[in-house]
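Structure file protein-v5.txt with compact mmCIF, C-alpha atoms:
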# COMPACT_ATOMS: atom_id res chain seq x y z
CA MET A 1 192.94 -6.75 236.96
CA SER A 2 196.26 -6.93 238.82
CA ARG A 3 196.80 -4.76 241.88
CA ASP A 4 199.92 -2.83 242.81
CA THR A 5 202.23 -4.93 244.95
CA VAL A 6 202.84 -3.79 248.53
CA GLY A 7 206.06 -3.98 250.50
CA VAL A 8 206.18 -3.26 254.22
CA VAL A 9 209.31 -1.66 255.72
CA ILE A 10 210.13 -1.81 259.43
CA ALA A 11 213.07 -0.16 261.17
CA ALA A 12 213.90 -2.08 264.35
CA MET A 13 216.33 -1.25 267.12
CA ASN A 14 215.96 -3.07 270.43
CA SER A 15 212.36 -3.91 269.53
CA ALA A 16 212.15 -7.31 271.22
CA ALA A 17 209.28 -6.23 273.46
CA PHE A 18 207.10 -5.30 270.47
CA ILE A 19 208.29 -6.86 267.21
CA ASP A 20 206.25 -10.06 267.57
CA GLN A 21 203.06 -8.01 267.78
CA ALA A 22 204.05 -5.93 264.75
CA LEU A 23 204.89 -8.95 262.59
CA GLY A 24 201.98 -10.97 263.94
CA SER A 25 199.60 -8.22 262.89
CA LEU A 26 201.00 -8.49 259.34
CA ALA A 27 200.52 -12.26 259.36
CA MET A 28 196.81 -11.76 260.17
CA GLN A 29 196.05 -9.51 257.19
CA THR A 30 193.05 -10.29 255.01
CA THR A 31 195.18 -9.13 252.07
CA HIS A 32 198.81 -10.08 252.64
CA ALA A 33 201.78 -7.88 251.87
CA ASP A 34 203.94 -9.10 249.00
CA GLN A 35 207.19 -8.38 250.83
CA VAL A 36 208.23 -7.45 254.36
CA VAL A 37 211.65 -5.96 255.01
CA VAL A 38 212.95 -5.53 258.56
CA VAL A 39 216.18 -3.64 259.17
CA ASP A 40 217.87 -4.42 262.46
CA ASP A 41 219.87 -1.37 263.47
CA HIS A 42 222.45 -2.74 265.92
CA SER A 43 219.98 -4.23 268.41
CA ASP A 44 221.58 -5.68 271.52
CA ASP A 45 218.46 -7.49 272.68
CA ASP A 46 216.53 -10.44 271.22
CA THR A 47 215.14 -8.58 268.18
CA VAL A 48 216.99 -10.55 265.50
CA ARG A 49 216.08 -13.97 266.88
CA LEU A 50 212.42 -13.01 267.16
CA VAL A 51 212.29 -11.64 263.61
CA GLU A 52 213.93 -14.79 262.21
CA ARG A 53 211.06 -16.91 263.56
CA TRP A 54 208.63 -15.24 261.16
CA ARG A 55 210.42 -16.31 257.97
CA ALA A 56 208.16 -19.35 257.51
CA ILE A 57 205.01 -17.23 257.80
CA LEU A 58 205.81 -13.93 256.12
CA PRO A 59 207.64 -13.04 252.85
CA LEU A 60 210.37 -11.68 255.06
CA THR A 61 213.76 -10.16 254.37
CA LEU A 62 215.93 -9.33 257.37
CA LEU A 63 218.73 -6.82 256.86
CA ARG A 64 221.30 -6.39 259.60
CA ASN A 65 223.31 -3.23 259.90
CA ARG A 66 226.87 -4.46 260.37
CA GLY A 67 228.48 -1.07 259.94
CA PRO A 68 230.23 0.76 262.76
CA ARG A 69 227.34 3.15 263.45
CA ARG A 70 223.61 2.97 263.75
CA LEU A 71 221.69 4.05 260.68
CA GLY A 72 218.95 5.83 262.59
CA VAL A 73 215.30 5.56 261.63
CA TRP A 74 215.73 7.47 258.38
CA GLY A 75 218.71 5.35 257.30
CA ALA A 76 217.09 2.06 258.25
CA ARG A 77 213.93 2.89 256.30
CA ARG A 78 216.02 3.97 253.34
CA ALA A 79 217.97 0.70 253.41
CA ALA A 80 214.74 -1.29 253.56
CA ILE A 81 213.18 0.53 250.62
CA GLU A 82 216.32 0.00 248.54
CA VAL A 83 215.75 -3.77 248.53
CA LEU A 84 211.99 -3.63 247.95
CA GLU A 85 210.75 -5.12 244.70
CA THR A 86 207.17 -3.88 245.08
CA ASP A 87 205.22 -1.02 243.52
CA LEU A 88 204.17 0.51 246.84
CA VAL A 89 205.89 1.17 250.16
CA LEU A 90 203.92 0.70 253.38
CA GLN A 91 205.60 1.82 256.59
CA LEU A 92 205.20 0.19 259.99
CA ASP A 93 207.13 1.17 263.08
CA GLY A 94 208.57 -1.75 265.02
CA ASP A 95 206.59 -0.89 268.16
CA ASP A 96 203.25 -0.37 266.40
CA LEU A 97 200.79 -2.83 264.88
CA VAL A 98 197.94 -2.88 262.37
CA LEU A 99 194.42 -4.25 262.25
CA PRO A 100 193.66 -7.20 259.93
CA HIS A 101 192.16 -5.04 257.16
CA HIS A 102 195.04 -2.56 257.06
CA VAL A 103 196.86 -3.66 253.88
CA ALA A 104 193.56 -4.06 252.03
CA ALA A 105 192.22 -0.68 253.16
CA MET A 106 195.43 1.17 252.33
CA SER A 107 195.74 -0.53 248.93
CA GLU A 108 192.12 0.16 248.03
CA THR A 109 192.45 3.82 249.02
CA TYR A 110 195.57 4.15 246.87
CA ALA A 111 193.82 2.50 243.91
CA ALA A 112 190.97 5.00 244.20
CA SER A 113 193.26 8.02 244.64
CA PRO A 114 196.98 7.39 244.04
CA GLY A 115 199.23 9.55 246.17
CA LEU A 116 200.24 9.57 249.83
CA ILE A 117 197.84 7.43 251.89
CA SER A 118 197.79 8.26 255.59
CA PRO A 119 196.04 5.67 257.76
CA ARG A 120 193.45 6.62 260.32
CA PRO A 121 195.15 5.91 263.65
CA LEU A 122 194.16 4.35 266.92
CA ALA A 123 196.21 4.78 270.08
CA TRP A 124 197.20 2.02 272.51
CA THR A 125 199.22 2.02 275.70
CA GLY A 126 199.83 -1.73 275.50
CA GLN A 127 197.04 -2.43 277.96
CA GLY A 128 193.29 -2.05 277.71
CA PRO A 129 191.36 -1.15 274.56
CA PHE A 130 192.51 0.74 271.50
CA ARG A 131 191.41 4.37 271.63
CA PRO A 132 190.47 6.72 268.78
CA ALA A 133 193.26 9.20 268.17
CA THR A 134 192.24 12.63 269.39
CA TYR A 135 195.22 14.57 268.11
CA THR A 136 195.47 16.62 264.92
CA LYS A 137 196.53 13.72 262.72
CA GLY A 138 192.92 12.63 262.62
CA GLY A 139 192.19 15.47 260.20
CA LEU A 140 192.77 15.92 256.50
CA PRO A 141 192.76 19.27 254.68
CA LEU A 142 191.21 19.68 251.26
CA PRO A 143 193.54 18.90 248.32
CA GLY A 144 194.37 22.52 247.50
CA ASP A 145 195.25 23.23 251.13
CA GLN A 146 197.33 20.15 251.86
CA LEU A 147 200.88 21.39 251.37
CA VAL A 148 200.33 24.70 253.15
CA GLN A 149 198.80 22.93 256.16
CA LEU A 150 201.49 20.23 256.09
CA LEU A 151 204.10 22.98 256.42
CA ALA A 152 202.24 24.31 259.46
CA GLN A 153 201.93 20.90 261.11
CA ASN A 154 202.57 17.28 260.18
CA TYR A 155 199.15 15.63 259.93
CA VAL A 156 200.30 12.49 258.07
CA VAL A 157 200.64 9.35 260.19
CA VAL A 158 203.97 7.53 260.17
CA GLY A 159 202.47 4.26 258.87
CA SER A 160 201.67 5.67 255.44
CA LEU A 161 201.72 4.19 251.93
CA TYR A 162 203.19 5.71 248.75
CA ALA A 163 204.61 4.74 245.37
CA ARG A 164 208.22 3.58 245.36
CA GLU A 165 208.76 5.27 241.98
CA LEU A 166 207.78 8.69 243.35
CA TYR A 167 209.83 8.10 246.49
CA GLU A 168 212.91 7.41 244.37
CA ARG A 169 212.22 10.35 242.07
CA ILE A 170 212.31 12.87 244.94
CA GLY A 171 215.45 11.35 246.45
CA GLY A 172 213.94 9.25 249.22
CA TYR A 173 214.68 9.56 252.90
CA ARG A 174 217.45 11.95 253.83
CA GLN A 175 219.19 12.59 257.11
CA VAL A 176 217.61 15.11 259.44
CA ALA A 177 218.01 15.34 263.19
CA TYR A 178 214.27 15.07 263.77
CA GLY A 179 211.17 14.60 261.62
CA GLU A 180 212.56 12.46 258.80
CA GLU A 181 209.09 11.31 257.76
CA TRP A 182 207.72 14.89 257.79
CA ASP A 183 210.60 15.88 255.51
CA LEU A 184 209.61 13.05 253.16
CA TRP A 185 205.88 13.87 253.24
CA LEU A 186 206.56 17.49 252.32
CA ARG A 187 208.58 16.51 249.27
CA LEU A 188 206.05 13.88 248.19
CA VAL A 189 203.16 16.35 248.39
CA ALA A 190 205.21 19.11 246.72
CA ALA A 191 205.87 16.63 243.89
CA GLY A 192 202.12 16.20 243.38
CA ALA A 193 201.04 13.43 245.74
CA ARG A 194 197.55 13.99 247.11
CA VAL A 195 197.01 12.93 250.71
CA SER A 196 194.06 10.57 251.24
CA LYS A 197 192.97 8.26 254.03
CA PRO A 198 190.82 5.13 254.36
CA ASP A 199 187.33 5.33 255.81
CA GLU A 200 188.11 3.33 258.95
CA PRO A 201 191.00 3.26 261.47
CA SER A 202 193.53 0.49 260.86
CA TYR A 203 196.91 1.62 262.25
CA VAL A 204 197.59 1.22 265.99
CA TYR A 205 200.09 3.72 267.35
CA ARG A 206 201.64 2.57 270.61
CA VAL A 207 201.82 5.35 273.18
CA ARG A 208 204.62 4.88 275.68
CA ALA A 209 206.90 7.08 277.75
CA SER A 210 209.74 6.92 275.22
CA SER A 211 207.40 8.09 272.46
CA TYR A 212 207.97 11.58 273.75
CA ALA A 213 211.49 12.88 274.27
CA GLY A 214 211.55 14.61 277.64
CA GLY A 215 213.27 17.98 277.47
CA PHE A 216 213.76 17.63 273.73
CA ALA A 217 213.81 20.98 271.93
CA ARG A 218 211.25 19.90 269.34
CA ASN A 219 210.50 23.40 268.09
CA GLU A 220 214.14 24.05 267.30
CA ALA A 221 214.56 20.60 265.76
CA GLU A 222 211.62 21.10 263.39
CA THR A 223 213.25 24.19 261.92
CA GLU A 224 215.73 21.97 260.05
CA VAL A 225 212.95 20.35 258.02
CA LEU A 226 211.35 23.70 257.23
CA ASN A 227 214.63 25.34 256.26
CA ARG A 228 215.51 22.44 253.98
CA PHE A 229 212.13 22.78 252.33
CA LEU A 230 212.75 26.50 251.83
CA GLY A 231 216.10 25.71 250.25
CA GLY A 232 214.38 23.68 247.54
CA SER A 233 211.22 25.72 246.92
CA ASP A 234 210.65 28.81 244.80
CA HIS A 235 206.85 28.81 245.10
CA PRO A 236 205.87 32.11 246.82
CA VAL A 237 202.87 30.72 248.71
CA HIS A 238 204.79 27.72 249.97
CA ARG A 239 207.77 29.83 250.97
CA ARG A 240 205.51 32.17 252.92
CA ALA A 241 203.80 29.23 254.63
CA ALA A 242 207.15 27.72 255.61
CA LYS A 243 208.35 31.00 257.12
CA VAL A 244 205.11 31.48 259.03
CA ALA A 245 205.60 27.93 260.34
CA LEU A 246 209.13 28.85 261.43
CA LEU A 247 207.89 31.94 263.26
CA GLN A 248 205.42 29.76 265.18
CA ARG A 249 208.29 27.57 266.39
CA THR A 250 211.16 29.88 267.32
CA GLY A 251 209.85 33.40 266.82
CA ILE A 252 212.00 36.00 265.13
CA ALA A 253 215.09 33.85 265.63
CA ALA A 254 213.75 31.70 262.80
CA LEU A 255 214.57 34.43 260.29
CA GLY A 256 218.14 35.01 261.42
CA PRO A 257 219.63 38.35 262.49
CA LEU A 258 217.55 41.38 261.56
CA ALA A 259 218.86 44.89 261.21
CA PRO A 260 217.80 47.57 263.71
CA VAL A 261 215.01 49.91 262.70
CA GLY A 262 216.27 52.12 259.90
CA GLY A 263 215.31 53.32 256.48
CA PRO A 264 211.85 54.23 255.35
CA LEU A 265 208.82 52.18 256.29
CA PRO A 266 205.59 52.54 254.34
CA ASP A 267 203.37 55.07 256.12
CA PRO A 268 200.69 52.49 257.06
CA VAL A 269 203.33 50.19 258.54
CA ARG A 270 204.97 53.06 260.45
CA ALA A 271 201.58 54.10 261.84
CA PHE A 272 200.81 50.50 262.79
CA ALA A 273 204.11 50.18 264.67
CA ALA A 274 203.58 53.52 266.43
CA GLY A 275 200.20 52.30 267.67
CA HIS A 276 201.59 49.10 269.17
CA ASP A 277 201.78 48.92 272.96
CA ARG A 278 205.50 48.01 272.78
CA ALA A 279 208.36 49.95 271.25
CA LEU A 280 209.54 48.83 267.81
CA THR A 281 213.12 47.55 268.07
CA ARG A 282 213.77 45.95 264.69
CA ALA A 283 212.18 46.07 261.27
CA HIS A 284 213.05 44.03 258.22
CA HIS A 285 211.50 43.49 254.81
CA ASP A 286 211.42 39.79 254.00
CA PRO A 287 210.93 39.02 250.29
CA ASP A 288 208.51 36.19 251.08
CA LEU A 289 206.66 37.53 254.12
CA GLY A 290 206.59 41.31 253.92
CA TRP A 291 207.41 43.64 256.83
CA VAL A 292 208.70 41.81 259.90
CA LEU A 293 208.38 43.95 263.00
CA ALA A 294 209.91 43.03 266.36
CA PHE A 295 208.82 44.75 269.54
CA ASP A 296 210.68 44.93 272.85
CA SER A 297 209.88 42.37 275.59
CA GLY A 298 207.38 39.58 275.28
CA GLY A 299 208.89 38.19 272.08
CA ALA A 300 206.19 39.80 269.94
CA VAL A 301 206.66 39.59 266.18
CA VAL A 302 204.19 41.00 263.68
CA VAL A 303 204.35 40.48 259.92
CA THR A 304 202.37 42.85 257.73
CA ASP A 305 202.08 43.79 254.08
CA ASP A 306 202.71 47.34 252.81
CA ALA A 307 199.18 48.33 253.81
CA ALA A 308 199.78 47.10 257.39
CA ARG A 309 197.39 44.18 257.03
CA VAL A 310 198.55 41.58 259.55
CA ILE A 311 199.79 38.31 258.07
CA VAL A 312 200.76 36.78 261.40
CA HIS A 313 201.20 38.03 264.96
CA VAL A 314 203.29 35.74 267.13
CA VAL A 315 203.90 36.08 270.88
CA GLU A 316 206.03 34.07 273.26
CA LYS A 317 204.32 32.27 276.14
CA ASP A 318 206.31 30.16 278.58
CA GLY A 319 209.04 29.52 276.04
CA ASN A 320 206.63 28.61 273.24
CA TYR A 321 205.42 30.76 270.36
CA GLU A 322 201.76 31.20 269.60
CA ALA A 323 200.06 32.87 266.65
CA VAL A 324 197.48 35.10 268.28
CA GLU A 325 196.42 36.50 264.92
CA ILE A 326 196.85 34.99 261.47
CA ALA A 327 195.42 36.02 258.10
CA ASP A 328 195.27 32.53 256.58
CA PRO A 329 193.99 30.03 259.17
CA LEU A 330 195.51 27.17 257.17
CA MET A 331 198.92 28.45 258.26
CA ARG A 332 198.04 28.16 261.94
CA ARG A 333 200.01 25.49 263.73
CA ASP A 334 198.12 22.73 265.57
CA ALA A 335 195.02 23.22 263.42
CA SER A 336 195.52 20.31 261.06
CA SER A 337 191.90 19.26 261.38
CA LEU A 338 190.71 22.75 260.47
CA ARG A 339 188.71 21.87 257.36
CA ASP A 340 187.33 18.75 259.03
CA ILE A 341 186.13 20.86 261.94
CA LEU A 342 184.54 23.48 259.71
CA TRP A 343 182.95 21.28 257.08
CA GLY A 344 182.93 17.75 258.43
CA GLU A 345 184.98 14.71 257.60
CA ILE A 346 186.39 14.42 254.09

Reformat the file's structure so that it appears as C-alpha cells.
Amino acid sequence: MSRDTVGVVIAAMNSAAFIDQALGSLAMQTTHADQVVVVDDHSDDDTVRLVERWRAILPLTLLRNRGPRRLGVWGARRAAIEVLETDLVLQLDGDDLVLPHHVAAMSETYAASPGLISPRPLAWTGQGPFRPATYTKGGLPLPGDQLVQLLAQNYVVVGSLYARELYERIGGYRQVAYGEEWDLWLRLVAAGARVSKPDEPSYVYRVRASSYAGGFARNEAETEVLNRFLGGSDHPVHRRAAKVALLQRTGIAALGPLAPVGGPLPDPVRAFAAGHDRALTRAHHDPDLGWVLAFDSGGAVVVTDDAARVIVHVVEKDGNYEAVEIADPLMRRDASSLRDILWGEI
C-alpha cells in the first residue's frame, strides 16, 4: 500500500548558523522525505553555500528570492509549497531540527487521522540537553473544541504537516504582519481539518533571544489574524469565540468605538451594571457577543446576555488584559492544555 508523499519546506534568511543542523536532521530520518524545498530570502551570509552542499544527500530544491524585497516567512513558505510535487507539506523552520523518527511519526499520525498534524515539541537552547516543552502547545483539545480553543490561543506547533490539496483549497499562506501560521491553522481547521499529534516528541524548537521580539506589541499584532477570521466566518459560535479572544488581547478597543450609555438596557443588565463597583460609561449590544459594558478606570469590560449572565469579564493589568471570569473555559486564553489537564493526555 503506497503512502502519501511528504515534502519539507524551509524558509531561510541568514540561517548559516543553523541550516546545517536542520538539513542534517532531515538526512538522518528513518523514513526520508520525498522532497525538500529551501527558499533563501535574500540572505547576506553563507546560507546559500551551505544549503548547496546538501544536494547530493537530500532531494533538495533551492529557490532564491531575486526580487527587490524580502518575501517574509509567509511568502517564502508559500513559494516553497508552490513547487512541491508531494501529497503532504511538512514545515521546518531553518533554525530548528527534528529527531530521526520525525517524518515517520508525522506520516503515520496523518495516515491514522488525516488533518493537521502538530508535532510534540522539545525545546533546545543550542547547548545541553533537549527539554520537554512546558508551554501550552503541549496540549490538544478534543475535536469538537479545537477551533474555539485555537481562536483563544495558537496551540499548533510551527513544524506541522497537512495536505497540500487542502492548503491550496483554502488559499494557502497569506500576508499578515504577525502569526502567518496561526492564520493558516485557523483556516485549515475551519475547513474541517482535525488536529492530531504523534505519541512522542520529535520536533526540536530552538529557543534563542531573537525568538522573542523585545518590545513587540504582540497582543495588537494578533488582532489582525482574528479580525481576518471574523471577516470570513458566519458561524455564531466561532464569531463569539474570536471576539472574546480579541477582548483578551486589547480590551474594549478590540471592538472599535462604542456609543455612550443610551437607550434601554434589559432590566437584568441595568441592575447588573448598577451593582458594579465602577460607574458604567459605555454600553453596546454586539450581535455576536451580547451586551458589552465598559466601566470607568481599570479597563474593565463585561459582556453579558440579556439575563445578565456573564460571558466574559476582562480587566487590564499592567498593560495586559486578563479574563477574570469566563462562561466557557475553552475561550480562555493561555489555557490550550485545558482538556489535557482535566482529563489527561489525548

**OP:** Show which residues sit within 8 Å of Met331 in chain A, as a PyMOL selection string. Count all atoms listed in the file, and ignore same-chain residues fewer than 6 positions away.
**Re:** chain A and resi 148-149+151-152+241+244-245

**OP:** Determine, counting all atoms listed in the file, which protein, DNA and RNA residues have an atom within 12 Å of an atom of Gln127 in chain A; residues of the same chain fewer than 3 positions away are not included. Present the result as a VMD selection string.
**Re:** chain A and resid 123 to 124 130 to 131 206 to 208

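Interatomic distance, CA of Gly144 in chain A to CA of Pro114 in chain A: 15.7 Å.
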
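Distances to Ile252 in chain A were evaluated for A:Thr125, A:Ser43, A:Thr281, A:Thr31 using all atoms listed in the file, and the minimum falls at A:Thr281.
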
Subject >> Polymer residues at most 9 Å from Ala294 in chain A, only C-alpha atoms, same-chain spacing of 6 or more positions, as a list in words >> reply: Ile252, Ala279, Leu280, Thr281, Arg282, Ala283, His284, Ala300, Val301, Val302 and Val303 of chain A

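In this comparison, which uses all atoms listed in the file, the residue of A:Glu316, A:Asp40, A:Asp267, A:Asp183 approaching Val225 in chain A most closely is A:Asp183.
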
Enumerate, as a short mmCIF file (atom, residue, chain, number, x, y, z; two decimals) with C-alpha atoms, keeping the file's coordinate frame, the protein, DNA and RNA residues whose atoms approach (218.8, -2.1, 264.2) to within 10 Å, taking into account all atoms listed in the file and the coordinate frame of the file.
data_model
loop_
_atom_site.label_atom_id
_atom_site.label_comp_id
_atom_site.auth_asym_id
_atom_site.auth_seq_id
_atom_site.Cartn_x
_atom_site.Cartn_y
_atom_site.Cartn_z
CA ILE A 10 210.13 -1.81 259.43
CA ALA A 11 213.07 -0.16 261.17
CA ALA A 12 213.90 -2.08 264.35
CA MET A 13 216.33 -1.25 267.12
CA ASN A 14 215.96 -3.07 270.43
CA SER A 15 212.36 -3.91 269.53
CA VAL A 38 212.95 -5.53 258.56
CA VAL A 39 216.18 -3.64 259.17
CA ASP A 40 217.87 -4.42 262.46
CA ASP A 41 219.87 -1.37 263.47
CA HIS A 42 222.45 -2.74 265.92
CA SER A 43 219.98 -4.23 268.41
CA ASP A 44 221.58 -5.68 271.52
CA THR A 47 215.14 -8.58 268.18
CA VAL A 48 216.99 -10.55 265.50
CA LEU A 63 218.73 -6.82 256.86
CA ARG A 64 221.30 -6.39 259.60
CA ASN A 65 223.31 -3.23 259.90
CA ARG A 66 226.87 -4.46 260.37
CA ARG A 70 223.61 2.97 263.75
CA LEU A 71 221.69 4.05 260.68
CA GLY A 72 218.95 5.83 262.59
CA VAL A 73 215.30 5.56 261.63
CA ALA A 76 217.09 2.06 258.25
#

Subject >> Among listed residues A:Leu142, A:Ala323, A:Leu60, A:Leu122, nearest Val98 in chain A (using all atoms listed in the file) >> reply: A:Leu122

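Remark: for His235 in chain A, the closest of the candidate residues A:Ala112, A:Leu147, A:Val310, A:Ala163 is A:Leu147 (distances computed over all atoms listed in the file).
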
**OP:** Give me the residues within 6 Å of range 188-202 of chain A as a list in words, counting only C-alpha atoms and dropping any in the same chain fewer than 3 places off.
**Re:** Val98, Leu99, His102, Thr109, Gly115, Leu116, Ile117, Ser118, Pro119, Arg120, Pro121 and Trp185 of chain A

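When all atoms listed in the file are used to compute distances to Arg270 in chain A, the closest of the residues A:Leu255, A:Leu186, A:Ala308, A:Met106 turns out to be A:Ala308.
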
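Going from CA of Ala274 in chain A to CA of Thr304 in chain A covers 13.8 Å.
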